[in-house]
Amino acid sequence: MDRIKKLLRNDLTSVLLPLFVLFIVLVTTSNGFLSAYNITSLLEQITIFVLIGMAQMMVLSLGQFNLALGSMGCLSAISMGFSMQVLGLPVPAAMVIGLAIAALLGWIQGLLIARSGINPFMITLALISVFYGIAAALTQGKAYDRLPATIQKINLLKFGPVPATFLASLIVCALVYFLFRYLDIGKRLLAVGENPLAALFTGIDVKKTITTGHMVSGLLCGIAAIIQISKFGSAQISIGNDWMLTSFVVTVLGGTLLSGGKVSAVGTLLGSFLMMFINNLLVLWGVNAYIFQTILGLVLLGAFEVDRARLSIIKRQMVPTNQESTEGNGDE
Amino acid sequence: MSKRITKAIVIAAIIGIVQPLVVFAAGGSDQGKAKAATQSQAPGKMVEKYPVIAYGPITGKTAADYKFGFSFGGIASYADPCPGMADLAASELGIPKITVQTPQNWIQNEQNQKLDGLIASGMKGIFMMPSEPTAGNAQISKMVSAGIPVVCMGGPPELPSKTVLTLATEARQAAYDGTVALIQAMGEKGNLVALIPMLNDTNTQKRLTGIKDAIAKYPNVKLLQSIADMENTENAMTQLGDLLAARGKEIDGIMAAGYTAAATCATFMMKPEYAHIKSVGFDTDEKVMTAIKAGKMTGTMSQNPWGQAYISMYTLKMLVDGWKYKAGQPEVINSGSFLITTANVDKYEQMIKDETFKIMATWTDRFDPPVKM
Amino acid sequence: MNSGRTKVFRISDIWIAAQKSSMFNAVIIVLVLLTIMLVLKPNYLSGENVYQLTKVLTVTALIGFSQMICIASGGLNVSVGATGALCAILAGGSMDALNMGAPLALVIGLLGGAACGLINGLLIFRAGGVGVAFFLTTLATMSVFQGINYTITSGSPFYGIKPGFLAIGDTKLLGLPSSFFIMLAVAFFLVFMFRKMIIGRQILAFGANSKSSELYGVSKFKVVVISSVIAGILAAIAGMMALIRIEAAQPSMGSDWMLLSFAATLIGGTRLTGGKVNVMGVIVGATALTIINNALIHLKVDVYWKALIYGLVILLACTMDRLRYVRK
């Protein structure tokens, strides 16, 4: 128990510390940082980061990647736009459709990975184009912008400067945490991610676990798509085109091990804050837009360093009898 | 324990040292710039060129209220003249220079982060081209609701929009004029190919309409094919190269109604095997101008990024001063398009600036002056 | 080999041998595509068409080679496009802004590629050297290289390319662009490297099974770094050939390269699990992709179908490959 507590504390420190420092820097060097406008904007953006971070985390727990999460969000958003604008369905019904489609897309990806024998990376890479392509062909590039006003009202709902959508993302975060901590499926996901072969031998239905993991990932993309549509007030195929890189940055910053078998929901939440603070800092300091990209890459590299350090700490802290189980890390 | 503390101290130290350096490099702190602007102000003074507009901050406001930000939709050479002209306007108006924050890609989420950052750092007015015309509206509404006036340029957001007005080229007219010039150079007969950017963009659709309308007026001219998606250079080169390789001999004229399309067209027109093809482009990319000077391209339709930036700055100043855009005025104002050929290629910039000043001469008539206290 | 015995080549022997080759699928796809196009446009293989198609497929093939080396060593590289773009910018910039001659610009571009590759290699090695580490490190370096690219250019292209530089790739030889022959030379070098050179065999062994190859004395450091450096140089060559093709050094180059790099390699029969490559297959795969793209323009297909078609083609190639594997 003690060792686990120490581990947890150790992990979150690498996120909390820079977060704290950045916060202080931002508050002291910029007048507008604590304005209601800025806080709302930050939280709105963080909401989406958290959700796509969670989506990626679901798949990272399996030791795989979901490269197509942007396209899943895109197609889900288009289906919602279609439902609202062309079919004239009420907003709640459209949302259900969107979530269902998103989950379906995730399920398809999971099924292909689990049962086709084709390399998972290639499947998710190809699906980026396939899902986006379906959306593009369906809409011919046109946007759905005559959506009922209710969908935008969701975004405008606020408690002080805190948007309601942010609170929703916190709830989702809590649910995911709960899933991994207490639910059986969570343990199975982590087991498969840690060592698929060993998981198989312990009786876990690896194929079903993989499919479920990707399906939930898709579902989370669907939630993110709803919020994105609400933010934009429209649904178009450009939704999700910036999700992939961010989803990795946010999860890695937050401490989810890239080699699978360990996730941190709270870490992903904090990672979203950290990423947004870095973004905000660069804009508020008037940093040249061209350097942004470089800094993003450097931040990611820095996060890997910390990830590596953490991995070696964990390995060192393993009880000697567990030496065989350290085999499966980081090689798939 | 001590490792963590050391880490914290190191991080804080680095940030503490780096931040002032970065701010210094970025051009001084906000307070410094505001002070510089207030020093040149004299109460009651009016702008030299347009004496109805107040010079510098009006009574009750400071220079900080006139900090304006500019965000183009994405990194593009089209917007190169904008900061210079905006700063020219700023010096004529006695307000601080603009701050530019453009997203790297044409992604609305990215531009929103930049815009929010601009507002958080104290900008009180924005002129911009939305990265995505539909998705950008929500951000515009958000900023306007927060009391920040927004002027759009380059291309309008999807209307209706909360932006005060948009300064843009009348796309259909520009494409029409360009095609007419092309057809005349073709001898009013032959096969014409149209190259356009993304087809889902309303701007592009208007350009295509203009081209088709022009062709309709000349019975001996036919539209052979139109290629869309001419945005990414590699892709555009492949597409046009494929077309020319397949049907080069059938083509008599090319109307390249887009920035990248025109630059791509210019590259091919410099080759001797396509000397029989006449072409007119859009915008003033270096390659296009070189081709025109060498006589390999008939001309190009320039838009007016100079004027769009200059007039936007004036508009923002007026709005903050209390001027109101009159109710019946159009939402999109034509900032002009100009046919540049070998005849005027050496003085086009001045020509366009003169046109801009002509628009400015009657600009204030579109507004109701501020209520005198 | 069999001395003194003449080999009788029966058709069935050739067919069996061809089927065994992992680029069989790719060749079938290309032949089908060509047939369709020739039916629709009888002069499809005219001199100009072929010249144009070859120019495009050369760049795609080189991009594929760069990715192929990374896959061979067991990793996945998403920074191929960013590396290529950066080297094109370095070469273009040295001619445009610094007024250097074509040969020097070429060298600068290649050195840039080697440097990017070296950075990648060292970081990947630090991060573990295989699989996940490769992908995520290159994700980060992709951002860094793109950022450097845009910082150097401020978003504007370099147009002042020296004619001598363009001639490197754009000279007509035997009806084909000289860039094609450069690509072939690279291909032969790669075949030689993987068959005869020790480092080539080491890379393959490492990619097939990193742990056991290390036990046999293969140096992880050497393999990771050298394969990354070569990949970087190949990406640089691709970037410079692209520069020659579009006659400009555009900062936006390379944005589509990631998908192309995997597609060409995969369709051509290189196993994604590492340890086995098919150099000529990459060329065939690149041809397939080029013809598909070209066909879309000829057939006036809406650009919005392109993404879907590309994705489905990749899935198809993977499936065909899988079916062959299962049938064995």
# chains A, B, ... in the order shown; residues from 1 in each chain; ligands from 1
>>> closest_atom_pairs(of="chain B", to="chain C", cutoff="6 Å", atoms="only C-alpha atoms", output="tab-separated table")
residue	atom	partner	partner_atom	distance
B:Ile75	CA	C:Gly155	CA	5.9
B:Ser77	CA	C:Ser156	CA	5.9
B:Ala245	CA	C:Glu48	CA	5.0
B:Ala246	CA	C:Asn49	CA	5.9
>>> write_last_selection(atoms="C-alpha atoms", output="PDB file, in the first residue's frame")
ATOM      1  CA  ILE B  75       0.160  31.243 -42.527  1.00  0.00           C
ATOM      2  CA  SER B  77       1.907  34.983 -48.230  1.00  0.00           C
ATOM      3  CA  ALA B 245       0.518  16.082 -69.840  1.00  0.00           C
ATOM      4  CA  ALA B 246      -2.785  14.546 -70.814  1.00  0.00           C
TER       5      ALA B 246
END
>>> residues_around(residues="range 54-69 of chain A", least_positions_apart="3", cutoff="8 Å", atoms="only C-alpha atoms", output="ChimeraX atom specification")
/A:50-51,72-73,120-121,124-125,127-128,131,173,176,189-194,210,213-214,216-221,240,243-244,247-248,251,256-263,265,268,332
>>> write_last_selection(atoms="N, CA and C atoms", output="tab-separated table (two decimals), in the first residue's frame")
chain	number	residue	atom	x	y	z
A	50	VAL	N	-9.28	17.12	-22.46
A	50	VAL	CA	-9.48	16.05	-21.50
A	50	VAL	C	-10.18	14.87	-22.16
A	51	LEU	N	-11.25	15.18	-22.91
A	51	LEU	CA	-12.02	14.09	-23.51
A	51	LEU	C	-11.22	13.31	-24.52
A	72	MET	N	-12.87	9.74	-36.12
A	72	MET	CA	-14.08	9.23	-35.46
A	72	MET	C	-14.93	10.40	-35.02
A	73	GLY	N	-14.27	11.40	-34.41
A	73	GLY	CA	-15.02	12.58	-33.98
A	73	GLY	C	-15.66	13.28	-35.16
A	120	PRO	N	-2.04	-3.60	-35.98
A	120	PRO	CA	-2.95	-2.59	-35.43
A	120	PRO	C	-2.61	-1.18	-35.89
A	121	PHE	N	-1.34	-0.88	-35.99
A	121	PHE	CA	-0.95	0.47	-36.40
A	121	PHE	C	-1.49	0.78	-37.78
A	124	THR	N	-5.36	1.38	-37.75
A	124	THR	CA	-5.80	2.69	-37.28
A	124	THR	C	-5.32	3.78	-38.24
A	125	LEU	N	-4.17	3.60	-38.86
A	125	LEU	CA	-3.69	4.58	-39.85
A	125	LEU	C	-4.63	4.65	-41.05
A	127	LEU	N	-7.75	3.70	-41.14
A	127	LEU	CA	-9.08	4.17	-40.74
A	127	LEU	C	-9.16	5.68	-40.63
A	128	ILE	N	-8.00	6.33	-40.36
A	128	ILE	CA	-8.02	7.80	-40.37
A	128	ILE	C	-8.63	8.26	-41.68
A	131	PHE	N	-12.56	6.77	-42.33
A	131	PHE	CA	-13.63	7.47	-41.62
A	131	PHE	C	-13.78	8.90	-42.12
A	173	CYS	N	-14.17	12.18	-16.61
A	173	CYS	CA	-12.86	11.84	-16.05
A	173	CYS	C	-13.02	10.94	-14.84
A	176	VAL	N	-14.08	7.45	-15.87
A	176	VAL	CA	-12.97	6.67	-16.42
A	176	VAL	C	-12.05	6.20	-15.30
A	189	LEU	N	-8.25	-4.46	-19.27
A	189	LEU	CA	-7.57	-3.60	-20.24
A	189	LEU	C	-6.10	-3.46	-19.88
A	190	LEU	N	-5.86	-3.18	-18.61
A	190	LEU	CA	-4.49	-2.98	-18.17
A	190	LEU	C	-3.68	-4.26	-18.29
A	191	ALA	N	-4.33	-5.38	-17.99
A	191	ALA	CA	-3.62	-6.65	-18.09
A	191	ALA	C	-3.20	-6.93	-19.53
A	192	VAL	N	-4.12	-6.71	-20.45
A	192	VAL	CA	-3.80	-6.94	-21.86
A	192	VAL	C	-2.69	-6.00	-22.31
A	193	GLY	N	-2.73	-4.79	-21.81
A	193	GLY	CA	-1.72	-3.81	-22.19
A	193	GLY	C	-0.36	-4.17	-21.65
A	194	GLU	N	-0.36	-4.73	-20.43
A	194	GLU	CA	0.90	-5.07	-19.79
A	194	GLU	C	1.56	-6.24	-20.52
A	210	ILE	N	-10.02	-6.00	-26.26
A	210	ILE	CA	-9.52	-5.01	-27.22
A	210	ILE	C	-10.69	-4.28	-27.89
A	213	GLY	N	-12.29	-1.87	-25.50
A	213	GLY	CA	-11.44	-0.70	-25.26
A	213	GLY	C	-11.56	0.33	-26.37
A	214	HIS	N	-11.50	-0.15	-27.61
A	214	HIS	CA	-11.60	0.78	-28.73
A	214	HIS	C	-12.99	1.38	-28.83
A	216	VAL	N	-15.07	2.06	-26.34
A	216	VAL	CA	-15.21	3.14	-25.36
A	216	VAL	C	-14.43	4.37	-25.82
A	217	SER	N	-13.27	4.11	-26.43
A	217	SER	CA	-12.48	5.22	-26.95
A	217	SER	C	-13.31	6.00	-27.97
A	218	GLY	N	-13.97	5.26	-28.87
A	218	GLY	CA	-14.81	5.92	-29.87
A	218	GLY	C	-15.93	6.71	-29.21
A	219	LEU	N	-16.53	6.11	-28.18
A	219	LEU	CA	-17.62	6.79	-27.48
A	219	LEU	C	-17.17	8.13	-26.92
A	220	LEU	N	-15.96	8.12	-26.33
A	220	LEU	CA	-15.43	9.37	-25.76
A	220	LEU	C	-15.20	10.40	-26.86
A	221	CYS	N	-14.75	9.92	-28.03
A	221	CYS	CA	-14.60	10.84	-29.17
A	221	CYS	C	-15.94	11.46	-29.51
A	240	GLY	N	-11.90	17.66	-35.55
A	240	GLY	CA	-11.06	16.53	-35.22
A	240	GLY	C	-9.71	16.53	-35.91
A	243	TRP	N	-6.84	16.72	-33.39
A	243	TRP	CA	-6.96	15.96	-32.16
A	243	TRP	C	-5.82	14.99	-31.89
A	244	MET	N	-5.24	14.42	-32.96
A	244	MET	CA	-4.33	13.30	-32.74
A	244	MET	C	-3.10	13.68	-31.92
A	247	SER	N	-3.88	14.60	-28.35
A	247	SER	CA	-4.29	13.49	-27.47
A	247	SER	C	-3.07	12.79	-26.90
A	248	PHE	N	-2.00	12.70	-27.70
A	248	PHE	CA	-0.79	12.07	-27.19
A	248	PHE	C	-0.08	12.97	-26.18
A	251	THR	N	-1.86	12.96	-22.72
A	251	THR	CA	-1.76	11.74	-21.94
A	251	THR	C	-0.34	11.52	-21.46
A	256	THR	N	0.52	8.80	-18.27
A	256	THR	CA	0.13	7.48	-18.75
A	256	THR	C	1.33	6.86	-19.43
A	257	LEU	N	1.66	5.65	-19.02
A	257	LEU	CA	2.82	5.01	-19.61
A	257	LEU	C	2.55	4.65	-21.05
A	258	LEU	N	3.47	5.04	-21.92
A	258	LEU	CA	3.24	4.83	-23.33
A	258	LEU	C	3.35	3.37	-23.72
A	259	SER	N	3.93	2.58	-22.83
A	259	SER	CA	4.12	1.19	-23.21
A	259	SER	C	2.94	0.32	-22.80
A	260	GLY	N	1.93	0.95	-22.25
A	260	GLY	CA	0.74	0.16	-21.92
A	260	GLY	C	0.81	-0.39	-20.52
A	261	GLY	N	-0.34	-0.69	-19.98
A	261	GLY	CA	-0.38	-1.33	-18.68
A	261	GLY	C	-0.52	-0.36	-17.52
A	262	LYS	N	-0.47	0.90	-17.82
A	262	LYS	CA	-0.63	1.85	-16.72
A	262	LYS	C	-1.22	3.15	-17.25
A	263	VAL	N	-2.27	3.58	-16.63
A	263	VAL	CA	-2.86	4.84	-17.07
A	263	VAL	C	-3.09	5.74	-15.87
A	265	ALA	N	-5.89	8.70	-15.12
A	265	ALA	CA	-6.98	9.59	-15.55
A	265	ALA	C	-6.76	10.99	-15.00
A	268	THR	N	-4.10	12.72	-16.86
A	268	THR	CA	-4.52	13.25	-18.15
A	268	THR	C	-5.23	14.58	-17.97
A	332	GLU	N	6.03	-3.55	-28.12
A	332	GLU	CA	5.10	-3.81	-29.24
A	332	GLU	C	4.73	-2.55	-29.93
>>> interface_residues(of="chain A", to="chain C", cutoff="9 Å", atoms="only C-alpha atoms", output="ChimeraX atom specification")
/A:63-64,116-119,121-123,125-141,245,248,258-259,288-301,304-305,308,330-332
>>> write_last_selection(atoms="N, CA and C atoms", output="short mmCIF file (atom, residue, chain, number, x, y, z; two decimals), in the first residue's frame")
data_model
loop_
_atom_site.label_atom_id
_atom_site.label_comp_id
_atom_site.auth_asym_id
_atom_site.auth_seq_id
_atom_site.Cartn_x
_atom_site.Cartn_y
_atom_site.Cartn_z
N GLY A 63 -1.96 -0.84 -24.75
CA GLY A 63 -0.67 -0.89 -25.40
C GLY A 63 -0.76 -0.60 -26.89
N GLN A 64 -1.86 0.04 -27.30
CA GLN A 64 -2.01 0.36 -28.73
C GLN A 64 -2.25 1.86 -28.88
N SER A 116 -8.50 -9.41 -37.30
CA SER A 116 -8.06 -9.57 -38.68
C SER A 116 -6.61 -10.01 -38.78
N GLY A 117 -5.86 -9.84 -37.71
CA GLY A 117 -4.47 -10.23 -37.79
C GLY A 117 -3.59 -9.21 -38.48
N ILE A 118 -4.20 -8.17 -39.00
CA ILE A 118 -3.41 -7.11 -39.63
C ILE A 118 -2.80 -6.25 -38.52
N ASN A 119 -1.66 -5.70 -38.79
CA ASN A 119 -0.98 -4.87 -37.80
C ASN A 119 -1.87 -3.72 -37.31
N PHE A 121 -1.34 -0.88 -35.99
CA PHE A 121 -0.95 0.47 -36.40
C PHE A 121 -1.49 0.78 -37.78
N MET A 122 -1.35 -0.17 -38.70
CA MET A 122 -1.81 0.05 -40.07
C MET A 122 -3.31 0.22 -40.11
N ILE A 123 -4.02 -0.58 -39.29
CA ILE A 123 -5.48 -0.47 -39.29
C ILE A 123 -5.90 0.93 -38.87
N LEU A 125 -4.17 3.60 -38.86
CA LEU A 125 -3.69 4.58 -39.85
C LEU A 125 -4.63 4.65 -41.05
N ALA A 126 -5.02 3.47 -41.55
CA ALA A 126 -5.91 3.45 -42.71
C ALA A 126 -7.28 4.01 -42.35
N LEU A 127 -7.75 3.70 -41.14
CA LEU A 127 -9.08 4.17 -40.74
C LEU A 127 -9.16 5.68 -40.63
N ILE A 128 -8.00 6.33 -40.36
CA ILE A 128 -8.02 7.80 -40.37
C ILE A 128 -8.63 8.26 -41.68
N SER A 129 -8.10 7.71 -42.78
CA SER A 129 -8.57 8.13 -44.11
C SER A 129 -9.97 7.62 -44.40
N VAL A 130 -10.25 6.37 -43.99
CA VAL A 130 -11.54 5.79 -44.32
C VAL A 130 -12.67 6.57 -43.65
N PHE A 131 -12.56 6.77 -42.33
CA PHE A 131 -13.63 7.47 -41.62
C PHE A 131 -13.78 8.90 -42.12
N TYR A 132 -12.64 9.59 -42.26
CA TYR A 132 -12.69 10.97 -42.75
C TYR A 132 -13.23 10.99 -44.16
N GLY A 133 -12.81 10.00 -44.95
CA GLY A 133 -13.25 9.94 -46.33
C GLY A 133 -14.75 9.77 -46.45
N ILE A 134 -15.32 8.94 -45.57
CA ILE A 134 -16.78 8.77 -45.59
C ILE A 134 -17.46 10.10 -45.30
N ALA A 135 -16.95 10.79 -44.28
CA ALA A 135 -17.54 12.08 -43.93
C ALA A 135 -17.41 13.07 -45.08
N ALA A 136 -16.23 13.08 -45.71
CA ALA A 136 -16.00 14.03 -46.81
C ALA A 136 -16.89 13.72 -47.99
N ALA A 137 -17.00 12.44 -48.34
CA ALA A 137 -17.82 12.07 -49.48
C ALA A 137 -19.29 12.37 -49.21
N LEU A 138 -19.73 12.14 -47.98
CA LEU A 138 -21.13 12.38 -47.64
C LEU A 138 -21.49 13.86 -47.74
N THR A 139 -20.62 14.70 -47.21
CA THR A 139 -20.96 16.13 -47.15
C THR A 139 -20.48 16.89 -48.37
N GLN A 140 -19.58 16.27 -49.18
CA GLN A 140 -18.96 16.99 -50.28
C GLN A 140 -18.35 18.28 -49.76
N GLY A 141 -17.90 18.26 -48.54
CA GLY A 141 -17.18 19.40 -48.00
C GLY A 141 -18.06 20.47 -47.40
N LEU A 245 -2.39 14.69 -32.38
CA LEU A 245 -1.16 15.07 -31.68
C LEU A 245 -1.47 15.48 -30.24
N PHE A 248 -2.00 12.70 -27.70
CA PHE A 248 -0.79 12.07 -27.19
C PHE A 248 -0.08 12.97 -26.18
N LEU A 258 3.47 5.04 -21.92
CA LEU A 258 3.24 4.83 -23.33
C LEU A 258 3.35 3.37 -23.72
N SER A 259 3.93 2.58 -22.83
CA SER A 259 4.12 1.19 -23.21
C SER A 259 2.94 0.32 -22.80
N ASN A 288 6.48 34.20 -31.27
CA ASN A 288 6.27 34.00 -32.69
C ASN A 288 5.52 32.70 -32.96
N ALA A 289 4.50 32.78 -33.79
CA ALA A 289 3.67 31.62 -34.06
C ALA A 289 4.48 30.45 -34.57
N TYR A 290 5.57 30.73 -35.30
CA TYR A 290 6.33 29.64 -35.91
C TYR A 290 7.07 28.82 -34.88
N ILE A 291 7.39 29.42 -33.77
CA ILE A 291 8.16 28.69 -32.76
C ILE A 291 7.26 27.77 -31.94
N PHE A 292 5.95 28.05 -31.97
CA PHE A 292 4.97 27.23 -31.26
C PHE A 292 5.18 25.75 -31.48
N GLN A 293 5.21 25.41 -32.76
CA GLN A 293 5.28 24.01 -33.14
C GLN A 293 6.53 23.37 -32.55
N THR A 294 7.65 24.09 -32.65
CA THR A 294 8.90 23.57 -32.11
C THR A 294 8.78 23.33 -30.62
N ILE A 295 8.20 24.29 -29.94
CA ILE A 295 8.09 24.16 -28.49
C ILE A 295 7.19 22.99 -28.13
N LEU A 296 6.12 22.79 -28.88
CA LEU A 296 5.23 21.67 -28.63
C LEU A 296 6.01 20.36 -28.71
N GLY A 297 6.82 20.26 -29.76
CA GLY A 297 7.62 19.05 -29.92
C GLY A 297 8.61 18.87 -28.78
N LEU A 298 9.24 19.97 -28.37
CA LEU A 298 10.20 19.88 -27.28
C LEU A 298 9.52 19.49 -25.97
N VAL A 299 8.32 20.02 -25.75
CA VAL A 299 7.57 19.65 -24.55
C VAL A 299 7.29 18.16 -24.55
N LEU A 300 6.90 17.65 -25.71
CA LEU A 300 6.61 16.23 -25.82
C LEU A 300 7.86 15.41 -25.52
N LEU A 301 9.00 15.83 -26.08
CA LEU A 301 10.24 15.11 -25.83
C LEU A 301 10.58 15.14 -24.34
N PHE A 304 8.59 12.63 -22.55
CA PHE A 304 9.10 11.26 -22.71
C PHE A 304 10.23 10.99 -21.74
N GLU A 305 11.09 11.99 -21.57
CA GLU A 305 12.20 11.84 -20.63
C GLU A 305 11.66 11.48 -19.25
N ARG A 308 10.32 8.01 -19.17
CA ARG A 308 11.38 7.02 -19.07
C ARG A 308 11.87 6.91 -17.65
N GLY A 330 6.95 -2.11 -23.34
CA GLY A 330 7.55 -1.26 -24.37
C GLY A 330 8.07 -1.94 -25.62
N ASP A 331 7.63 -3.16 -25.91
CA ASP A 331 8.22 -3.78 -27.09
C ASP A 331 7.24 -4.05 -28.20
N GLU A 332 6.03 -3.55 -28.12
CA GLU A 332 5.10 -3.81 -29.24
C GLU A 332 4.73 -2.55 -29.93
#
>>> atom_distance(atom1="CA of Thr60 in chain C", atom2="CA of Cys74 in chain A")
27.8 Å
>>> closest_atom_pairs(of="chain B", to="chain A", cutoff="6 Å", atoms="only C-alpha atoms", output="JSON lines")
{"residue": "B:Val23", "atom": "CA", "partner": "A:Trp285", "partner_atom": "CA", "distance": 5.9}
{"residue": "B:Gly117", "atom": "CA", "partner": "A:Val283", "partner_atom": "CA", "distance": 5.5}
{"residue": "B:Ala120", "atom": "CA", "partner": "A:Gly32", "partner_atom": "CA", "distance": 4.3}
{"residue": "B:Ser121", "atom": "CA", "partner": "A:Gly32", "partner_atom": "CA", "distance": 5.3}
{"residue": "B:Ala135", "atom": "CA", "partner": "A:Phe232", "partner_atom": "CA", "distance": 4.8}
{"residue": "B:Ala138", "atom": "CA", "partner": "A:Phe232", "partner_atom": "CA", "distance": 5.3}
{"residue": "B:Asn200", "atom": "CA", "partner": "A:Gly141", "partner_atom": "CA", "distance": 5.0}
